[in-house]
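Trainee: Below are the structure tokens for one structure; questions will follow.
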Amino acid sequence: MPLLAALAGLASAQCPQNDGQVVGELRTYPRPSDNYTVQYQIGNGDWTTATVYISYYGQTTGSPYRTVSGYTAGTTSMSFTSIPARANNTVQLRVTKLFGTPFQESDHVSLRPSVRLVAGKRAGVITRSDGTVEISTFTAPNFAGEQFILWWDRGTDGGGVEGLAFFLNPPYPEPTGNNVKIVKSWGDLTDPTSPVNALPIDTLDFEGQVELENTGKAVYPVPANIVNVFFGPTAWVQGKLQFAPSKNTTTINGPGVLDGSLFNYLRRDCNDDNGAYSLTSSGANGNLNHFVVDGIIISDHNHAATDPFYNSTLNNVKTISWNSNNDGLRLQDSTTVTNVFVRSGDDSLMIWGSPVTVTNATVWQNYNGGVVNLGWLNNSAGDNDLLDGLYVVKMDWLTPVADQWTAEAPGTSGSTLNGQNNGVFVSLMTPTTSFGQLSPPVYRNILVEDQPRVLFSLKIIPPVNCNAPGPACNAATLMQPSHVSLNIDNLYSPASLVENSIGFQTLPDPYPTQTGETIPGGFALWGTMNVNLTNISIRQPHGLALPLVNFDGADVGKISTHGSVVNVNYSFGTP
């Protein structure tokens, strides 16, 4: 789960955490992929060889190996390549596999999202007799970035282990003028003859490999006069960027990479550079306000990718991370997100503000966290939120093994959630929550490719940090009602492995509070929960997709409810 402000006081007690180690060879980046080569052709242009990078699980200090992951260090990886494209054009891709034997027809090579259609055309995939794979797709007239992954099946290999992601980017013009500072090394940022913090400089243009503070594991405080940060096509910036609060708009754009792999994952909760997020704020509330972020890749971050965004716009942003606490995008009030790719070791899309709009999001969820997280406390409003177009291409959860309606006692929940934070739609909101009461959020047009362990884990639970002092752990708060309303429309998914949970948890007996008050034994958290499920299709093991309606929610949908007033309303019509 993300590092909540309520846990800040525990950071010193949690630092360092001895729950991971680098296994085998220590990898340093940028590193060309040793799994794939890619060539591309745009329109009638020439074939061009693309640069393909790779991120390994378990072999950097930013993402060391953890036994709970279920991954294999050194072979679980994500290769990725950025392709410059244009609107309303054909894109041809040619992929060669560099390990083992070439691609074969029996690999059933395809793309995910599998329903990807642009301008009414489906991407085509052909396996050639020479073992290469050719892909043909088409960019829409309003093309502003697109992401998809190569999928293939072969025993313990395949696209689900040795992943390859394609990032199609619109043009990002390099900034020019006497206000631009070109940065090719740390020395360019510290050169006293050309200070970065002096006008007319207001733009940083990163090109090539830049190691912040010459170590690559430092947080760089971006001077207040800088309102534009550009990552060129060859940019690979090792470190993190910290921005001062500003009422002006700050723009971060370009197709380059911000790499956190050299930070120490074991110190991710420490009050030092290792504990900061990759895009972070020096503001008292730690918020990124008035930002436009477009095109960049945030790779191998040892903690969350971003501080919360307010009044911001994100487009064509890609994040790649591996372990728990390595969350994706934190989205707060008046923020709009389009065309994003998240491979996350924890909550991928944290839609916590009001209003928040997310359109065309592709997610690969690692072994921990929710694809869409509604909230961890009682401060997510949810009103007027819209998620339109969510493609869950892969989920690697190993837990939970069963639904859980009895909460854990204080002192244990912070570390042993038993996987109830794993699911496509997840709420771990707490008593006194008022979510979607003014205008319930709408999550629609959702495709889940593989069988999920849990599709819905929508609960009101006691705070997971009840072992720490705070008003949220007082009986006066825990015994107050919560109210949740939301709509989920047009969703297709294979049947869940584990029961889906919608409702309120029961507190164990005894349940101590910080004030010494007594909570009645077996007290059930309470309130009202209204969940409207419209046009939900669940594919059964035999392949037939069945609609969820009133009489089959428990059987086909494996939906269980718990609590005083929990209304799950089913309807099915023309999607």
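Scheme for the structure tokens: letters A, B, ... for chains in order shown; per-chain residue numbers from 1; ligand numbers from 1 in order shown.
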Might you pull out every residue within 12 Å of Thr357 (chain A), with only C-alpha atoms counted and same-chain residues fewer than 5 positions away left off, and present them as a PyMOL selection string?
Mentor: chain A and resi 311-315+331-339+349-352+382-390+441-444
Trainee: For a quick check of understanding, using only C-alpha atoms, which of A:Leu374, A:Ala140, A:Leu458, A:Val210 has the smallest distance to Val356 (chain A)?
Mentor: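 Comparing A:Leu374, A:Ala140, A:Leu458, A:Val210 against Val356 (chain A), the winner is A:Leu374.
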Trainee: I need the alpha helix (DSSP H) residues of region 36-224 of chain A per DSSP on the backbone, written as a PyMOL selection string.
Mentor: chain A and resi 186-190
Trainee: Considering only C-alpha atoms, state which residue in the set A:Tyr310, A:Phe572, A:Phe263, A:Phe435 is at the smallest distance from Asn378 (chain A).
Mentor: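 Selected residue with least distance to Asn378 (chain A): A:Phe435.
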Trainee: Figure out the distance between CA of Trp376 (chain A) and CA of Ser496 (chain A), please, to one decimal in Å.
Mentor: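 Result for CA of Ser496 (chain A) versus CA of Trp376 (chain A): 22.9 Å, one decimal.
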Trainee: From the set A:Asn169, A:Thr190, A:Gln420, A:Gln404, which residue has the shortest atom-to-atom contact distance to Gly254 (chain A), counting only C-alpha atoms?
Mentor: A:Asn169
Trainee: What is the distance between CA of Gly131 (chain A) and CA of Asp46 (chain A), in Å to one decimal?
Mentor: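 Computing the Euclidean distance for CA of Gly131 (chain A) and CA of Asp46 (chain A) yields 21.5 Å.
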Trainee: What does the structure give for the distance between CA of Asn271 (chain A) and CA of Trp236 (chain A), in Å to one decimal?
Mentor: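 Atom-to-atom, CA of Asn271 (chain A) to CA of Trp236 (chain A), that is 25.6 Å.
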Trainee: From the options A:Thr127, A:Thr61, A:Ser261, A:Ser299, which residue's atoms come nearest to His108 (chain A), counting only C-alpha atoms?
Mentor: A:Thr127
Trainee: I want to know what sits within 8 Å of Leu497 (chain A), based on only C-alpha atoms, with residues of the same chain fewer than 3 positions away left out; could you give that as a PDB file with N, CA and C atoms, in the first residue's frame?
Mentor:
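Below is the file part16.pdb, written as the result:
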```
ATOM      1  N   GLN A 451      -7.888 -14.645 -15.727  1.00  0.00           N
ATOM      2  CA  GLN A 451      -8.735 -14.909 -14.571  1.00  0.00           C
ATOM      3  C   GLN A 451      -8.197 -14.173 -13.352  1.00  0.00           C
ATOM      4  N   PRO A 452      -8.967 -13.261 -12.774  1.00  0.00           N
ATOM      5  CA  PRO A 452      -8.476 -12.533 -11.607  1.00  0.00           C
ATOM      6  C   PRO A 452      -8.637 -13.368 -10.344  1.00  0.00           C
ATOM      7  N   ARG A 453      -7.764 -13.136  -9.402  1.00  0.00           N
ATOM      8  CA  ARG A 453      -7.992 -13.760  -8.086  1.00  0.00           C
ATOM      9  C   ARG A 453      -9.217 -13.133  -7.455  1.00  0.00           C
ATOM     10  N   VAL A 454      -9.301 -11.802  -7.507  1.00  0.00           N
ATOM     11  CA  VAL A 454     -10.462 -11.081  -6.978  1.00  0.00           C
ATOM     12  C   VAL A 454     -10.797  -9.957  -7.949  1.00  0.00           C
TER      13      VAL A 454
END
```
Trainee: Can you check which residues of region 252-369 of chain A DSSP gives as strand (DSSP E) on the backbone and send them as a ChimeraX atom specification?
Mentor: /A:252-253,257-259,279-281,288-289,291-294,297-299,309-310,313-315,318-320,329-331,335-344,349-351,356-365
Trainee: Export C-alpha atoms of the chosen residues as a JSON list (two decimals), in the first residue's frame?
Mentor:
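Ended up saving to out-v6.json:
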```
[["chain", "number", "residue", "atom", "x", "y", "z"],
["A", 252, "ILE", "CA", 7.12, 17.65, -17.80],
["A", 253, "ASN", "CA", 7.15, 16.06, -21.24],
["A", 257, "VAL", "CA", 13.07, 7.86, -18.82],
["A", 258, "LEU", "CA", 13.27, 8.81, -15.14],
["A", 259, "ASP", "CA", 14.99, 5.85, -13.46],
["A", 279, "LEU", "CA", 8.11, 12.83, -8.91],
["A", 280, "THR", "CA", 7.79, 14.53, -5.56],
["A", 281, "SER", "CA", 6.95, 17.87, -3.98],
["A", 288, "LEU", "CA", 1.99, 18.17, -7.12],
["A", 289, "ASN", "CA", -0.34, 21.01, -8.12],
["A", 291, "PHE", "CA", 1.19, 19.94, -13.57],
["A", 292, "VAL", "CA", 1.07, 18.78, -17.16],
["A", 293, "VAL", "CA", 2.93, 15.49, -17.57],
["A", 294, "ASP", "CA", 3.09, 13.96, -21.04],
["A", 297, "ILE", "CA", 8.54, 6.74, -18.53],
["A", 298, "ILE", "CA", 9.04, 6.40, -14.76],
["A", 299, "SER", "CA", 11.02, 3.21, -14.36],
["A", 309, "PHE", "CA", -1.58, 15.24, -8.43],
["A", 310, "TYR", "CA", -4.09, 18.08, -8.04],
["A", 313, "THR", "CA", -3.25, 16.64, -16.65],
["A", 314, "LEU", "CA", -1.38, 13.42, -17.39],
["A", 315, "ASN", "CA", -1.14, 11.87, -20.85],
["A", 318, "LYS", "CA", 4.24, 5.04, -18.39],
["A", 319, "THR", "CA", 5.39, 3.59, -15.06],
["A", 320, "ILE", "CA", 7.21, 0.30, -14.42],
["A", 329, "LEU", "CA", -0.26, 7.12, -10.17],
["A", 330, "ARG", "CA", -1.79, 9.04, -7.25],
["A", 331, "LEU", "CA", -4.72, 11.09, -8.53],
["A", 335, "THR", "CA", -7.01, 15.74, -12.42],
["A", 336, "THR", "CA", -7.42, 14.21, -15.89],
["A", 337, "VAL", "CA", -5.48, 11.17, -17.12],
["A", 338, "THR", "CA", -5.39, 9.76, -20.66],
["A", 339, "ASN", "CA", -3.54, 6.98, -22.49],
["A", 340, "VAL", "CA", -1.41, 5.63, -19.63],
["A", 341, "PHE", "CA", 0.43, 2.35, -19.00],
["A", 342, "VAL", "CA", 1.14, 1.13, -15.47],
["A", 343, "ARG", "CA", 3.01, -1.99, -14.43],
["A", 344, "SER", "CA", 2.91, -1.67, -10.69],
["A", 349, "LEU", "CA", -4.48, 3.84, -10.24],
["A", 350, "MET", "CA", -5.19, 5.56, -6.93],
["A", 351, "ILE", "CA", -8.34, 7.50, -7.80],
["A", 356, "VAL", "CA", -10.87, 12.62, -11.47],
["A", 357, "THR", "CA", -11.18, 11.39, -15.07],
["A", 358, "VAL", "CA", -9.12, 8.47, -16.41],
["A", 359, "THR", "CA", -9.46, 7.41, -20.05],
["A", 360, "ASN", "CA", -7.65, 4.54, -21.81],
["A", 361, "ALA", "CA", -5.51, 3.01, -19.06],
["A", 362, "THR", "CA", -3.56, -0.23, -19.56],
["A", 363, "VAL", "CA", -2.46, -1.98, -16.35],
["A", 364, "TRP", "CA", -0.25, -4.97, -15.57],
["A", 365, "GLN", "CA", -0.70, -5.61, -11.85]]
```
Trainee: Out of A:Ser246, A:Ser493, A:Thr234, A:Asn228, which residue has the shortest atom-to-atom distance to Ile538 (chain A) when counting only C-alpha atoms?
Mentor: A:Ser493
Trainee: Which polymer residues have any atom within 10 Å of an atom of Pro171 (chain A), counting only C-alpha atoms, with same-chain residues fewer than 6 positions away left out, as an MDAnalysis selection string?
Mentor: chainID A and resid 84:87 144:145 254:255 295
Trainee: Those residues with C-alpha atoms, as a PDB file, in the first residue's frame please?
Mentor:
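File out.pdb, as written:
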```
ATOM      1  CA  PRO A  84       7.826   7.774 -32.583  1.00  0.00           C
ATOM      2  CA  ALA A  85       4.548   7.783 -34.470  1.00  0.00           C
ATOM      3  CA  ARG A  86       2.107  10.218 -36.035  1.00  0.00           C
ATOM      4  CA  ALA A  87      -1.666  10.503 -36.106  1.00  0.00           C
ATOM      5  CA  ALA A 144      -1.878  11.164 -28.414  1.00  0.00           C
ATOM      6  CA  GLY A 145      -0.022   8.019 -27.341  1.00  0.00           C
ATOM      7  CA  GLY A 254       9.089  14.055 -23.766  1.00  0.00           C
ATOM      8  CA  PRO A 255       9.599  10.314 -24.331  1.00  0.00           C
ATOM      9  CA  GLY A 295       5.079  11.102 -22.505  1.00  0.00           C
TER      10      GLY A 295
END
```
Trainee: Which residues, written as a PDB file with N, CA and C atoms, in the first residue's frame, have at least one atom at most 9 Å from Glu449 (chain A), with only C-alpha atoms counted and residues fewer than 3 positions away on the same chain left out?
Mentor:
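out_13.pdb, freshly written:
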```
ATOM      1  N   ARG A 112      -1.799  -7.585 -26.257  1.00  0.00           N
ATOM      2  CA  ARG A 112      -2.746  -7.183 -25.227  1.00  0.00           C
ATOM      3  C   ARG A 112      -2.608  -5.676 -25.021  1.00  0.00           C
ATOM      4  N   PRO A 113      -3.735  -4.955 -24.897  1.00  0.00           N
ATOM      5  CA  PRO A 113      -5.119  -5.401 -24.844  1.00  0.00           C
ATOM      6  C   PRO A 113      -5.551  -6.110 -26.130  1.00  0.00           C
ATOM      7  N   SER A 114      -6.239  -7.233 -25.957  1.00  0.00           N
ATOM      8  CA  SER A 114      -6.605  -8.059 -27.092  1.00  0.00           C
ATOM      9  C   SER A 114      -7.710  -7.456 -27.938  1.00  0.00           C
ATOM     10  N   TYR A 391      -7.936  -1.494 -19.324  1.00  0.00           N
ATOM     11  CA  TYR A 391      -7.517  -2.773 -19.893  1.00  0.00           C
ATOM     12  C   TYR A 391      -6.519  -3.413 -18.934  1.00  0.00           C
ATOM     13  N   VAL A 392      -6.949  -4.463 -18.256  1.00  0.00           N
ATOM     14  CA  VAL A 392      -6.093  -5.153 -17.280  1.00  0.00           C
ATOM     15  C   VAL A 392      -5.483  -6.341 -18.017  1.00  0.00           C
ATOM     16  N   VAL A 393      -4.222  -6.196 -18.436  1.00  0.00           N
ATOM     17  CA  VAL A 393      -3.635  -7.184 -19.329  1.00  0.00           C
ATOM     18  C   VAL A 393      -3.038  -8.376 -18.582  1.00  0.00           C
ATOM     19  N   LYS A 394      -2.709  -8.203 -17.300  1.00  0.00           N
ATOM     20  CA  LYS A 394      -2.109  -9.304 -16.547  1.00  0.00           C
ATOM     21  C   LYS A 394      -2.204  -8.976 -15.067  1.00  0.00           C
ATOM     22  N   MET A 395      -2.386 -10.021 -14.229  1.00  0.00           N
ATOM     23  CA  MET A 395      -2.426  -9.879 -12.773  1.00  0.00           C
ATOM     24  C   MET A 395      -1.647 -11.049 -12.178  1.00  0.00           C
ATOM     25  N   PRO A 452      -8.967 -13.261 -12.774  1.00  0.00           N
ATOM     26  CA  PRO A 452      -8.476 -12.533 -11.607  1.00  0.00           C
ATOM     27  C   PRO A 452      -8.637 -13.368 -10.344  1.00  0.00           C
ATOM     28  N   TYR A 492     -16.056  -6.876 -18.734  1.00  0.00           N
ATOM     29  CA  TYR A 492     -15.905  -8.268 -19.161  1.00  0.00           C
ATOM     30  C   TYR A 492     -14.700  -8.857 -18.443  1.00  0.00           C
ATOM     31  N   SER A 493     -14.903 -10.016 -17.806  1.00  0.00           N
ATOM     32  CA  SER A 493     -13.820 -10.643 -17.053  1.00  0.00           C
ATOM     33  C   SER A 493     -14.056 -12.133 -16.936  1.00  0.00           C
ATOM     34  N   PRO A 494     -12.985 -12.933 -16.909  1.00  0.00           N
ATOM     35  CA  PRO A 494     -13.151 -14.325 -16.488  1.00  0.00           C
ATOM     36  C   PRO A 494     -13.619 -14.383 -15.036  1.00  0.00           C
TER      37      PRO A 494
END
```
Trainee: With a distance cut-off of 10 Å and only C-alpha atoms, select the neighbouring residues of Asn421 (chain A), excluding the residue or stretch itself and same-chain residues fewer than 5 positions from it, and output the selection as a PyMOL selection string.
Mentor: chain A and resi 1+346-347+368-371+373+376+399-400+426-428+454+457-459
Trainee: Within 7 Å of region 192-208 of chain A, counting only C-alpha atoms, which residues show up once you throw out same-chain ones fewer than 2 positions away? Write them as a list in words, please.
Mentor: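 Here the answer would be Asn179, Val180, Lys181, Ile182, Val183, Lys184, Leu189, Thr190, Val210, Pro223, Asn225, Ile226, Val227, Asn228, Val229, Phe230, Phe231, Gly232, Thr234, Ala235 and Trp236 of chain A.
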Trainee: Rank nothing, just name the residue among A:Thr156, A:Thr506, A:Asn474, A:Asn490 nearest to Trp405 (chain A), using only C-alpha atoms.
Mentor: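 Among the listed residues, A:Thr506 lies closest to Trp405 (chain A).
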